[in-house]
Amino acid sequence: MVDLSGSSGQSGRTGPVTGSFITRGYTAGFVLVTSLFFLWAIANNFNDILIRQFQKALDLTRAQAGLIQFAFYLAYFLMALPAGFLMKRFGYRAGILAGLTLYACGALLFFPAAMVREYSVFLAALFVLASGAAFLETAANPYIVAFGDPGRASQRLNLAQAFNGFGGVLAPILGGLFIFSGVEHSHDTLKTMTAAEVLAFRVSEARMVQVPYLVLAAVVITLALAIAFVKLPKVSQSDHASGDIAAPGKTNLLGAVIAQFFYVGAQVGIWSFFVDFVKEMTPQFSEKQAAFMLSASLALFMIGRFIGTALMTRISPTRMLLVYALFNIGLCLAVTVSPGIVAVIALGLTSFFMSIMFPTIFATGIKGLGPKTSIGASYIIMAIIGGAVFPPAMGWLGQTTGHLQYAFVLPVVCFAVIAIYARKAGVPSGSIDEVSEAGQ
């Protein structure tokens with residue numbers, strides 16, 4: 001029986017782990033399941049490109065474009081528990097296949113959505129796609145544990161997380177190359193064009209999403225066929241009975257749910273408006289160049305995760321969480337008051353200091369829950385609804401004030417909440433095992 005809490009059960013060991021990294025016969029399955037981490041990162045980070053693209057194609061305000069993230073993360077909130085119930089009843093393979101099916105259907109819906117050019121249809125497509133991603137994320141994080149020696153679970157998870165980070169870096173590059181057309185008309189230019197010319201421009205921009213999402217659907221369908229037939233380990237989940245959360249972990253769990261809500265809100269809000277912010281502060285850069293800058297920022301996020309994991313062998317995770325939250329408070333304040341490229345650099349650096357936040361909050365939140373770990377983890381995963389709340393609020397604030405800079409006051413508030421949580425959580429010791437859960 002495999003422990004699905006994310007801990008190896010050997011965090012106090014002093015000698016090297018000699019067990020198998022991947023159990024013989026499961027290498028192909030491990031590779032396929034690990035690819036899921038890459039897949040949902042592509043979906044998540046394509047949204048940051050869509051926010052800018054839909055403003056052009058559908059003539060949306062920033063507040064309206066922020067609804068992209070609302071629809072996406074609302075699906076995560078609503079589908080986390082159904083995904084868990086399905087996997088409990090039918091197993092992890094069924095959960096993964098259901099997720100891939102929903103993902104592919106959502107991607108395919110982008111084609112008719114672009115034809116009719118209705119924002120509500122795009123939002124429906126995103127909701128379906130995100131529902132699939134929610135199934136995949138709920139399944140893949142714990143399932144990675146089952147592929148080898150439990151004592152090396154954190155190594156397998158960190159490897160999978162690396163592919164998640166790689167997907168985050170690659171998505172803005174792909175979006176910049178294949179979704180952004182390179183045609184950019186200012187509001188003044190659009191006013192000088194005829195109604196027919198403006199319509200032709202918006203229709204062309206809307207259809208730019210069709211081919212990338214058709215290709216994405218084809219990749220997902222191919223992966224689903226492979227997973228349907230590959231050899232995968234069987235996992236017993238009987239040790240995760242439902243019930244009330246144990247009292248010793250309740251305080252940390254509640255705090256973690258709140259902190260995760262604000263963290264995901266800050267992360268999604270910052271990345272959602274990154275391209276818009278670059279264009280506002282440094283108009284000499286094109287949309288494609290702004291997308292590549294976002295990719296560089298996400299590379300810092302990936303690097304920060306590796307560095308943070310290494311540092312946690314010496315420094316308490318909650319202490320690092322506090323320090324990183326304080327750094328991001330300072331950086332976001334700098335974003336709101338600094339000129340041009342200085343503000344852009346400050347915003348880009350926030351990704352490095354966000355890198356450890358999701359897994360650290362997750363790990364401290366489930367600490368001490370014992371057999372109730374899975375239900376506690378579900379609550380923390382559902383807290384990513386913060387990603388649905390903050391982008392529209394930031395878009396509204398930027399639109400109301402006339403300056404997107406001022407919208408980054410909201411991430412300041414988010415990181416302040418995280419700093420308070422880190423200060424109160426008080427986990428005295430850190431290890432790689434404590435922060436092996438991730439996926440965002």
# chains A, B, ... in the order shown; residues from 1 in each chain; ligands from 1

$ residues_around --residues "Gly25 of chain A" --least-positions-apart "5" --cutoff "12 Å" --atoms "only C-alpha atoms" --output "short mmCIF file (atom, residue, chain, number, x, y, z; two decimals) with C-alpha atoms, in the first residue's frame"
data_model
loop_
_atom_site.label_atom_id
_atom_site.label_comp_id
_atom_site.auth_asym_id
_atom_site.auth_seq_id
_atom_site.Cartn_x
_atom_site.Cartn_y
_atom_site.Cartn_z
CA SER A 20 14.96 1.80 -6.94
CA PHE A 30 6.54 7.07 -15.22
CA VAL A 31 7.61 9.04 -18.29
CA PHE A 147 6.46 4.37 -9.17
CA GLY A 148 9.38 3.34 -6.97
CA VAL A 230 0.92 1.38 -20.69
CA LYS A 231 1.71 -0.60 -17.55
CA LEU A 232 0.95 1.46 -14.43
CA PRO A 233 1.26 0.61 -10.71
#

$ closest_atom_pairs --of "segment 273-366 of chain A" --to "segment 167-174 of chain A" --cutoff "7 Å" --atoms "only C-alpha atoms" --output "Markdown table"
| residue | atom | partner | partner_atom | distance |
| --- | --- | --- | --- | --- |
| A:Ala291 | CA | A:Pro172 | CA | 5.4 |
| A:Phe292 | CA | A:Ile173 | CA | 5.7 |
| A:Leu294 | CA | A:Pro172 | CA | 6.6 |
| A:Ser295 | CA | A:Val169 | CA | 4.8 |
| A:Ala296 | CA | A:Val169 | CA | 7.0 |
| A:Leu298 | CA | A:Val169 | CA | 5.2 |
| A:Ala299 | CA | A:Val169 | CA | 5.5 |

$ closest_residue --among "A:Leu311, A:Val128, A:Met357, A:Ile144" --to "Leu78 of chain A" --atoms "only C-alpha atoms"
A:Val128

$ closest_residue --among "A:Leu74, A:Val417, A:Met79, A:Val219" --to "Ile42 of chain A" --atoms "only C-alpha atoms"
A:Val219

$ residues_around --residues "Gly330 of chain A" --least-positions-apart "6" --cutoff "12 Å" --atoms "only C-alpha atoms" --output "PyMOL selection string"
chain A and resi 323-324+336-338+343+346-347+349-350+353+408-409+411-413+415-416

$ closest_residue --among "A:His403, A:Leu397, A:Ala224, A:Phe77" --to "Phe261 of chain A" --atoms "only C-alpha atoms"
A:Phe77

$ residues_around --residues "segment 374-391 of chain A" --least-positions-apart "6" --cutoff "7 Å" --atoms "only C-alpha atoms" --output "PyMOL selection string"
chain A and resi 5+66+69-71+73-74+76-77+80-81+240+242+253+256-257+260-262+264-265+268-269+272+362+366

$ atom_distance --atom1 "atom CA of Ile270 of chain A" --atom2 "atom CA of Ile68 of chain A"
14.0 Å

$ select_by_dssp --residues "segment 180-283 of chain A" --states "helix (DSSP H, G or I)" --output "PyMOL selection string"
chain A and resi 187-192+195-229+247-272+274-281

$ write_last_selection --atoms "C-alpha atoms" --output "short mmCIF file (atom, residue, chain, number, x, y, z; two decimals), in the first residue's frame"
data_model
loop_
_atom_site.label_atom_id
_atom_site.label_comp_id
_atom_site.auth_asym_id
_atom_site.auth_seq_id
_atom_site.Cartn_x
_atom_site.Cartn_y
_atom_site.Cartn_z
CA HIS A 187 -6.46 52.74 -30.34
CA ASP A 188 -5.73 55.82 -32.42
CA THR A 189 -4.92 53.68 -35.46
CA LEU A 190 -8.10 51.63 -35.04
CA LYS A 191 -10.14 54.86 -35.04
CA THR A 192 -8.78 55.72 -38.47
CA ALA A 195 -15.53 49.21 -39.72
CA ALA A 196 -14.81 46.47 -42.27
CA GLU A 197 -11.04 46.80 -41.73
CA VAL A 198 -11.42 46.64 -37.94
CA LEU A 199 -13.66 43.58 -38.21
CA ALA A 200 -11.20 41.82 -40.54
CA PHE A 201 -8.37 42.56 -38.09
CA ARG A 202 -10.28 41.16 -35.10
CA VAL A 203 -11.44 38.06 -37.01
CA SER A 204 -7.86 37.35 -38.07
CA GLU A 205 -6.60 37.76 -34.49
CA ALA A 206 -9.32 35.46 -33.10
CA ARG A 207 -8.38 32.70 -35.53
CA MET A 208 -4.73 32.83 -34.46
CA VAL A 209 -5.61 30.52 -31.54
CA GLN A 210 -7.11 27.77 -33.70
CA VAL A 211 -4.01 25.95 -34.93
CA PRO A 212 -2.07 26.01 -31.60
CA TYR A 213 -5.03 24.53 -29.72
CA LEU A 214 -5.72 21.94 -32.42
CA VAL A 215 -2.10 20.81 -32.15
CA LEU A 216 -2.41 20.75 -28.36
CA ALA A 217 -5.55 18.58 -28.64
CA ALA A 218 -3.75 16.15 -30.96
CA VAL A 219 -0.86 15.80 -28.49
CA VAL A 220 -3.29 15.20 -25.62
CA ILE A 221 -5.25 12.55 -27.54
CA THR A 222 -2.01 10.75 -28.46
CA LEU A 223 -0.91 10.79 -24.82
CA ALA A 224 -4.30 9.44 -23.68
CA LEU A 225 -3.98 6.48 -26.07
CA ALA A 226 -0.52 5.73 -24.73
CA ILE A 227 -1.63 5.91 -21.08
CA ALA A 228 -4.63 3.66 -21.80
CA PHE A 229 -2.31 0.76 -22.63
CA ALA A 247 -7.38 18.68 15.75
CA PRO A 248 -3.53 18.90 15.89
CA GLY A 249 -3.31 19.97 12.24
CA LYS A 250 -6.45 22.05 12.04
CA THR A 251 -4.90 25.47 12.77
CA ASN A 252 -2.12 25.05 10.22
CA LEU A 253 -4.55 23.67 7.67
CA LEU A 254 -6.91 26.63 7.92
CA GLY A 255 -3.99 29.03 7.68
CA ALA A 256 -2.58 27.13 4.70
CA VAL A 257 -5.91 27.27 2.86
CA ILE A 258 -6.05 31.05 3.37
CA ALA A 259 -2.37 31.54 2.44
CA GLN A 260 -2.71 29.37 -0.66
CA PHE A 261 -5.76 31.35 -1.78
CA PHE A 262 -3.77 34.58 -1.65
CA TYR A 263 -0.61 33.02 -3.12
CA VAL A 264 -2.31 31.61 -6.21
CA GLY A 265 -4.17 34.90 -6.61
CA ALA A 266 -0.88 36.83 -6.59
CA GLN A 267 0.89 34.39 -8.91
CA VAL A 268 -1.87 34.24 -11.50
CA GLY A 269 -2.49 37.98 -11.32
CA ILE A 270 1.18 38.86 -11.85
CA TRP A 271 1.66 36.49 -14.76
CA SER A 272 -1.71 37.30 -16.33
CA PHE A 274 2.83 40.66 -17.34
CA VAL A 275 2.62 41.14 -21.13
CA ASP A 276 0.17 44.03 -20.75
CA PHE A 277 2.43 45.63 -18.14
CA VAL A 278 5.53 45.39 -20.34
CA LYS A 279 3.61 47.02 -23.21
CA GLU A 280 2.35 49.82 -20.94
CA MET A 281 5.68 50.57 -19.26
#

$ closest_residue --among "A:Arg62, A:Lys234, A:Arg24, A:Arg156" --to "Arg93 of chain A" --atoms "only C-alpha atoms"
A:Lys234

$ atom_distance --atom1 "atom CA of Gln53 of chain A" --atom2 "atom CA of Ile179 of chain A"
7.6 Å

$ closest_residue --among "A:Arg52, A:Tyr119, A:Ala140, A:Gln161" --to "Ala94 of chain A" --atoms "only C-alpha atoms"
A:Ala140

$ atom_distance --atom1 "atom CA of Gly165 of chain A" --atom2 "atom CA of Ile49 of chain A"
16.9 Å

$ residues_around --residues "Pro112 of chain A" --least-positions-apart "4" --cutoff "10 Å" --atoms "only C-alpha atoms" --output "VMD selection string"
chain A and resid 108 116 to 118 121 to 122 125 207 210

$ residues_around --residues "Trp40 of chain A" --least-positions-apart "5" --cutoff "10 Å" --atoms "only C-alpha atoms" --output "VMD selection string"
chain A and resid 35 45 to 46 103 129 to 130 132 to 134 136 to 137 164 167 to 168 439 to 440

$ write_last_selection --atoms "all heavy atoms" --output "mmCIF file, in the first residue's frame"
data_model
loop_
_atom_site.group_PDB
_atom_site.id
_atom_site.type_symbol
_atom_site.label_atom_id
_atom_site.label_comp_id
_atom_site.auth_asym_id
_atom_site.auth_seq_id
_atom_site.Cartn_x
_atom_site.Cartn_y
_atom_site.Cartn_z
ATOM 1 N N SER A 35 4.943 13.516 -17.940
ATOM 2 C CA SER A 35 4.611 14.461 -19.013
ATOM 3 C C SER A 35 3.344 15.248 -18.704
ATOM 4 O O SER A 35 3.134 16.329 -19.257
ATOM 5 C CB SER A 35 4.456 13.712 -20.342
ATOM 6 O OG SER A 35 3.276 12.928 -20.354
ATOM 7 N N ASN A 45 -0.205 28.488 -18.530
ATOM 8 C CA ASN A 45 0.574 29.648 -18.955
ATOM 9 C C ASN A 45 0.198 30.165 -20.336
ATOM 10 O O ASN A 45 0.576 31.284 -20.689
ATOM 11 C CB ASN A 45 2.066 29.317 -18.869
ATOM 12 C CG ASN A 45 2.529 29.160 -17.432
ATOM 13 O OD1 ASN A 45 2.714 30.130 -16.709
ATOM 14 N ND2 ASN A 45 2.689 27.922 -16.986
ATOM 15 N N PHE A 46 -0.538 29.383 -21.111
ATOM 16 C CA PHE A 46 -1.127 29.932 -22.333
ATOM 17 C C PHE A 46 -2.139 31.028 -21.999
ATOM 18 O O PHE A 46 -2.359 31.942 -22.798
ATOM 19 C CB PHE A 46 -1.824 28.819 -23.138
ATOM 20 C CG PHE A 46 -0.987 28.274 -24.266
ATOM 21 C CD1 PHE A 46 0.336 28.659 -24.446
ATOM 22 C CD2 PHE A 46 -1.524 27.379 -25.171
ATOM 23 C CE1 PHE A 46 1.106 28.160 -25.488
ATOM 24 C CE2 PHE A 46 -0.774 26.871 -26.228
ATOM 25 C CZ PHE A 46 0.546 27.272 -26.382
ATOM 26 N N TYR A 103 -9.519 17.727 -21.269
ATOM 27 C CA TYR A 103 -8.490 18.651 -21.765
ATOM 28 C C TYR A 103 -8.579 18.752 -23.288
ATOM 29 O O TYR A 103 -8.609 19.852 -23.869
ATOM 30 C CB TYR A 103 -7.125 18.132 -21.325
ATOM 31 C CG TYR A 103 -5.954 19.072 -21.488
ATOM 32 C CD1 TYR A 103 -5.118 19.357 -20.412
ATOM 33 C CD2 TYR A 103 -5.629 19.640 -22.715
ATOM 34 C CE1 TYR A 103 -4.019 20.187 -20.546
ATOM 35 C CE2 TYR A 103 -4.535 20.472 -22.864
ATOM 36 C CZ TYR A 103 -3.724 20.739 -21.777
ATOM 37 O OH TYR A 103 -2.627 21.556 -21.912
ATOM 38 N N LEU A 129 -11.392 22.687 -20.605
ATOM 39 C CA LEU A 129 -9.968 22.351 -20.617
ATOM 40 C C LEU A 129 -9.405 22.337 -19.198
ATOM 41 O O LEU A 129 -8.674 21.422 -18.808
ATOM 42 C CB LEU A 129 -9.222 23.357 -21.493
ATOM 43 C CG LEU A 129 -7.760 23.067 -21.842
ATOM 44 C CD1 LEU A 129 -7.380 23.774 -23.140
ATOM 45 C CD2 LEU A 129 -6.806 23.498 -20.744
ATOM 46 N N ALA A 130 -9.749 23.356 -18.406
ATOM 47 C CA ALA A 130 -9.239 23.450 -17.038
ATOM 48 C C ALA A 130 -9.788 22.332 -16.156
ATOM 49 O O ALA A 130 -9.110 21.872 -15.236
ATOM 50 C CB ALA A 130 -9.594 24.805 -16.436
ATOM 51 N N GLY A 132 -10.212 19.333 -17.136
ATOM 52 C CA GLY A 132 -9.292 18.239 -17.409
ATOM 53 C C GLY A 132 -7.972 18.416 -16.691
ATOM 54 O O GLY A 132 -7.429 17.466 -16.105
ATOM 55 N N ALA A 133 -7.450 19.643 -16.695
ATOM 56 C CA ALA A 133 -6.193 19.904 -15.997
ATOM 57 C C ALA A 133 -6.334 19.650 -14.496
ATOM 58 O O ALA A 133 -5.400 19.165 -13.842
ATOM 59 C CB ALA A 133 -5.746 21.338 -16.258
ATOM 60 N N ALA A 134 -7.500 19.974 -13.934
ATOM 61 C CA ALA A 134 -7.730 19.728 -12.506
ATOM 62 C C ALA A 134 -7.680 18.236 -12.192
ATOM 63 O O ALA A 134 -7.111 17.816 -11.176
ATOM 64 C CB ALA A 134 -9.081 20.308 -12.091
ATOM 65 N N LEU A 136 -6.003 16.002 -13.913
ATOM 66 C CA LEU A 136 -4.618 15.578 -14.084
ATOM 67 C C LEU A 136 -3.767 15.964 -12.874
ATOM 68 O O LEU A 136 -2.962 15.168 -12.383
ATOM 69 C CB LEU A 136 -4.022 16.200 -15.350
ATOM 70 C CG LEU A 136 -4.686 15.828 -16.676
ATOM 71 C CD1 LEU A 136 -3.969 16.513 -17.832
ATOM 72 C CD2 LEU A 136 -4.698 14.314 -16.872
ATOM 73 N N GLU A 137 -3.956 17.182 -12.389
ATOM 74 C CA GLU A 137 -3.139 17.651 -11.267
ATOM 75 C C GLU A 137 -3.491 16.913 -9.981
ATOM 76 O O GLU A 137 -2.614 16.612 -9.172
ATOM 77 C CB GLU A 137 -3.320 19.160 -11.095
ATOM 78 C CG GLU A 137 -2.295 19.774 -10.178
ATOM 79 C CD GLU A 137 -2.106 21.255 -10.410
ATOM 80 O OE1 GLU A 137 -2.612 21.784 -11.421
ATOM 81 O OE2 GLU A 137 -1.440 21.890 -9.573
ATOM 82 N N ASN A 164 7.199 20.528 -15.030
ATOM 83 C CA ASN A 164 6.166 21.537 -14.879
ATOM 84 C C ASN A 164 6.753 22.929 -15.091
ATOM 85 O O ASN A 164 6.180 23.764 -15.793
ATOM 86 C CB ASN A 164 5.545 21.427 -13.476
ATOM 87 C CG ASN A 164 4.442 22.438 -13.255
ATOM 88 O OD1 ASN A 164 4.681 23.489 -12.670
ATOM 89 N ND2 ASN A 164 3.249 22.128 -13.701
ATOM 90 N N GLY A 167 7.505 23.489 -18.756
ATOM 91 C CA GLY A 167 6.296 23.833 -19.495
ATOM 92 C C GLY A 167 5.918 25.293 -19.305
ATOM 93 O O GLY A 167 5.478 25.967 -20.241
ATOM 94 N N GLY A 168 6.112 25.784 -18.072
ATOM 95 C CA GLY A 168 5.826 27.188 -17.804
ATOM 96 C C GLY A 168 6.726 28.123 -18.579
ATOM 97 O O GLY A 168 6.302 29.189 -19.033
ATOM 98 N N GLY A 439 3.072 21.386 -8.147
ATOM 99 C CA GLY A 439 2.246 21.264 -9.331
ATOM 100 C C GLY A 439 1.809 22.604 -9.848
ATOM 101 O O GLY A 439 1.186 22.699 -10.869
ATOM 102 N N GLN A 440 2.102 23.719 -9.125
ATOM 103 C CA GLN A 440 1.689 25.008 -9.607
ATOM 104 C C GLN A 440 2.908 25.771 -10.021
ATOM 105 O O GLN A 440 3.924 25.666 -9.429
ATOM 106 C CB GLN A 440 0.965 25.783 -8.503
ATOM 107 C CG GLN A 440 -0.337 25.143 -8.114
ATOM 108 C CD GLN A 440 -1.342 25.289 -9.189
ATOM 109 O OE1 GLN A 440 -1.348 26.231 -9.940
ATOM 110 N NE2 GLN A 440 -2.184 24.327 -9.321
#
